[in-house]
Amino acid sequence: MRLMISTLLKPLSLFSLPTIHRLGAALGCILYYCLPQIRSRTRENMLQSKLFPELAQSNQALKLTFTELGKAMLETPAIWQTAHHKIGEMVKEVHNWQAVEQALAKGKGIIFLTPHLGCFEITSLYYGLHHPITVLYRPPKKDWLMPLIMAGRTRNNVSLAPANTSGVRMLMQALKNNEAIGILPDQIPAAGEGEWADFFGKQAYTMLLASKLAEKTGATVIMGFGERLADGKGYAIHLTTLDDHAIATPALLNAALETQIKQCPTQYYWNYHRYKVSRKSKPLPAN
C-alpha cells in the first residue's frame with residue numbers, strides 16, 4: 001500500500017509549486033461544493049471568530065478558505081517527496097530569524113508553536129536545514145500512512161516524537177540539549193491532558209503540554225507559521241518570540257494563537273473541529 005500511494009503521489013513533486021497550487025485551488029473549489037457538512041462547520045467557525053464580518057452577505061472568504069485548503073492538501077505530499085536541498089529554495093522570506101539565534105544563545109532550547117495555519121510542513125523542514133528539531137506528532141488512523149509520513153517528515157535534522165509518554169521524554173531531552181521542539185498547539189489533546197479555555201469567544205478543549213514544558217524548562221517560546229505566497233511563489237516564514245509565561249495558562253495560549261491567526265486568517269484550517277466535545281475531553285463547564 002505504501003509503495004502504491006507513494007507512486008501515485010510522486011508526480012506531485014515533479015510539478016512546479018505554481019502548478020501544484022493551481023491544481024489545489026481547483027480541488028478546493030470541488031470540496032466547497034461537494035462537502036456541505038464540512039463547509040457548514042467551516043463557515044460556523046469563521047463566523048465565531050468574528051474575523052469575517054462580510055460572511056453574512058458573501059461567501060467569498062469561505063470559498064477562499066477552501067481554495068487554501070485544497071492547496072494545502074496537494075502541497076503536503078509534494079513537500080514530503082521534494083528533495084531536501086530544494087526545501088530552502090521554496091522559502092522566499094524568513095521574518096525575525098534572529099529570534100532563533102537569540103533563543104539558542106540562552107541555552108534552554110526553543111518551543112516552536114505552529115498552529116494549523118498556512119503550510120506548517122515547510123516550517124520544521126526549513127528549520128531542520130539549520131538546526132535539529134523534534135516535532136510532536138499524532139500517529140494517523142490509517143497505518144499505511146505512517147511510513148509515508150515518517151519518510152516525508154524525518155529529514156534534515158527533523159525527528160518525530162509520538163504523542164505519548166515516551167514522546168514527551170524525547171521533547172524534554174531535546175530541550176535539555178538546547179535543541180528545538182515543534183508542537184501543533186491547537187490540536188485537541190487526549191483525556192486529562194487539556195482544559196477548556198476561550199478561543200475566539202467559544203470554549204475549546206486546549207492542551208496543557210506546551211505550557212508545562214515552557215514553565216518547567218524555561219525554553220524560549222516562538223510562534224511560527226509558513227505563509228503561502230500568492231501565485232505559487234513560495235512561502236514566507238514568520239517567527240514571533242513570546243514573553244516569559246506568555247502561555248502559562250490555556251487561555252493565554254489560545255490568546256497567542258488568535259494573534260497569530262489574525263496575521264493570515266484565510267489560511268487557517270477553519271474546517272478543523274476545534275470546538276469538538278468528545279470522550280477525549282473533560283466535561284464542558286456549565287455556563
# chains A, B, ... in the order shown; residues from 1 in each chain; ligands from 1

$ residues_around --residues "Gly194 in chain A" --least-positions-apart "3" --cutoff "12 Å" --atoms "only C-alpha atoms" --output "short mmCIF file (atom, residue, chain, number, x, y, z; two decimals) with C-alpha atoms, in the first residue's frame"
data_model
loop_
_atom_site.label_atom_id
_atom_site.label_comp_id
_atom_site.auth_asym_id
_atom_site.auth_seq_id
_atom_site.Cartn_x
_atom_site.Cartn_y
_atom_site.Cartn_z
CA PRO A 185 -0.86 23.85 19.84
CA ASP A 186 -4.43 23.82 18.54
CA GLN A 187 -4.72 20.04 18.31
CA ILE A 188 -7.38 18.53 20.57
CA PRO A 189 -5.49 16.87 23.45
CA ALA A 190 -6.21 13.45 24.91
CA ALA A 191 -8.36 12.95 28.03
CA ALA A 197 -10.47 27.81 27.51
CA ALA A 204 -12.27 24.91 23.17
CA TYR A 205 -10.50 21.97 24.77
CA THR A 206 -6.89 23.16 24.90
CA MET A 207 -3.63 21.34 25.52
CA LEU A 208 -1.57 21.78 28.67
CA LEU A 209 1.66 20.25 27.36
CA ALA A 210 3.16 23.32 25.71
CA SER A 211 2.54 25.44 28.81
CA LYS A 212 4.02 22.81 31.13
CA THR A 249 -2.43 29.00 31.01
CA PRO A 250 -4.63 27.51 28.26
CA ALA A 251 -6.43 30.85 27.99
CA LEU A 253 -2.09 30.03 24.86
CA LYS A 280 -11.12 12.78 24.92
CA SER A 281 -12.06 15.97 26.71
CA LYS A 282 -13.14 16.79 30.21
CA PRO A 283 -16.82 17.70 30.65
CA LEU A 284 -17.61 21.09 29.21
#

$ select_by_dssp --residues "range 60-264 of chain A" --states "strand (DSSP E)" --output "PyMOL selection string"
chain A and resi 91-95+110-113+133-137+158-162+180-183+194-199+202-207+220-228+235-241

$ select_by_dssp --residues "range 245-276 of chain A" --states "helix (DSSP H, G or I)" --output "list of chain:residue names"
A:Pro250, A:Ala251, A:Leu252, A:Leu253, A:Asn254, A:Ala255, A:Ala256, A:Leu257, A:Glu258, A:Thr259, A:Gln260, A:Ile261, A:Pro265, A:Thr266, A:Gln267

$ residues_around --residues "Arg153 in chain A" --least-positions-apart "3" --cutoff "8 Å" --atoms "only C-alpha atoms" --output "ChimeraX atom specification"
/A:80,121,125,149-150,158-160

$ closest_residue --among "A:Leu74, A:Met46, A:Leu145, A:Leu257" --to "Thr19 in chain A" --atoms "only C-alpha atoms"
A:Leu74

$ residues_around --residues "Val94 in chain A" --least-positions-apart "3" --cutoff "12 Å" --atoms "only C-alpha atoms" --output "list of chain:residue names"
A:Gly88, A:Glu89, A:Met90, A:Val91, A:Trp97, A:Gln98, A:Ala99, A:Val100, A:Ile122, A:Thr123, A:Tyr126, A:Tyr127, A:Gly224, A:Phe225, A:Gly226, A:Glu227, A:Gly234, A:Tyr235, A:Ala236, A:Ile237, A:His238, A:Leu239, A:Thr240

$ write_last_selection --atoms "C-alpha atoms" --output "CSV table (one decimal), in the first residue's frame"
chain,number,residue,atom,x,y,z
A,88,GLY,CA,15.3,26.0,1.2
A,89,GLU,CA,14.5,27.3,-2.3
A,90,MET,CA,10.8,27.2,-1.6
A,91,VAL,CA,11.2,29.6,1.4
A,97,TRP,CA,15.3,34.6,12.2
A,98,GLN,CA,17.4,36.4,14.7
A,99,ALA,CA,14.8,35.2,17.3
A,100,VAL,CA,16.2,31.7,16.7
A,122,ILE,CA,7.6,23.7,5.5
A,123,THR,CA,8.4,25.3,8.8
A,126,TYR,CA,13.3,24.5,6.8
A,127,TYR,CA,14.4,24.8,10.4
A,224,GLY,CA,5.8,30.4,13.8
A,225,PHE,CA,4.0,29.7,10.6
A,226,GLY,CA,4.6,29.4,6.9
A,227,GLU,CA,2.5,31.8,4.9
A,234,GLY,CA,6.8,30.0,-2.3
A,235,TYR,CA,6.5,30.6,1.4
A,236,ALA,CA,7.2,33.3,3.9
A,237,ILE,CA,8.1,32.1,7.4
A,238,HIS,CA,7.0,34.4,10.3
A,239,LEU,CA,8.6,34.0,13.7
A,240,THR,CA,7.4,35.8,16.9

$ residues_around --residues "His131 in chain A" --least-positions-apart "6" --cutoff "8 Å" --atoms "only C-alpha atoms" --output "list in words"
Asn157, Glu179 and Ala180 of chain A

$ closest_residue --among "A:Met172, A:Leu55, A:Cys34, A:Ala255" --to "Gly218 in chain A" --atoms "only C-alpha atoms"
A:Met172

$ closest_residue --among "A:Lys141, A:Arg22, A:Arg39, A:Arg155" --to "Gln81 in chain A" --atoms "only C-alpha atoms"
A:Arg155

$ closest_residue --among "A:Ile30, A:Cys264, A:Ile247, A:Ala78" --to "Leu117 in chain A" --atoms "only C-alpha atoms"
A:Cys264

$ atom_distance --atom1 "CA of Ile222 in chain A" --atom2 "CA of Ala256 in chain A"
10.4 Å

$ atom_distance --atom1 "CA of Thr259 in chain A" --atom2 "CA of Lys276 in chain A"
21.5 Å

$ residues_around --residues "Ala72 in chain A" --least-positions-apart "2" --cutoff "8 Å" --atoms "only C-alpha atoms" --output "list in words"
Gly24, Glu68, Leu69, Gly70, Leu74, Glu75, Thr76, Gly118 and Cys119 of chain A

$ write_last_selection --atoms "N, CA and C atoms" --output "compact mmCIF listing (two decimals), in the first residue's frame"
# COMPACT_ATOMS: atom_id res chain seq x y z
N GLY A 24 -4.45 22.70 -6.61
CA GLY A 24 -5.03 22.72 -5.28
C GLY A 24 -6.22 23.65 -5.19
N GLU A 68 -7.49 27.65 -0.20
CA GLU A 68 -6.24 27.45 0.53
C GLU A 68 -6.14 26.03 1.09
N LEU A 69 -7.28 25.47 1.49
CA LEU A 69 -7.30 24.09 1.97
C LEU A 69 -6.89 23.12 0.86
N GLY A 70 -7.40 23.33 -0.32
CA GLY A 70 -7.04 22.49 -1.46
C GLY A 70 -5.55 22.57 -1.76
N LEU A 74 -2.58 19.33 -1.49
CA LEU A 74 -1.68 18.86 -2.55
C LEU A 74 -0.22 19.21 -2.27
N GLU A 75 0.01 20.33 -1.60
CA GLU A 75 1.40 20.72 -1.36
C GLU A 75 2.06 19.83 -0.31
N THR A 76 1.26 19.30 0.61
CA THR A 76 1.84 18.48 1.68
C THR A 76 2.55 17.24 1.15
N GLY A 118 -1.48 28.14 7.35
CA GLY A 118 -0.56 28.14 6.22
C GLY A 118 0.01 26.75 5.98
N CYS A 119 1.27 26.71 5.59
CA CYS A 119 1.95 25.44 5.34
C CYS A 119 2.84 25.10 6.53
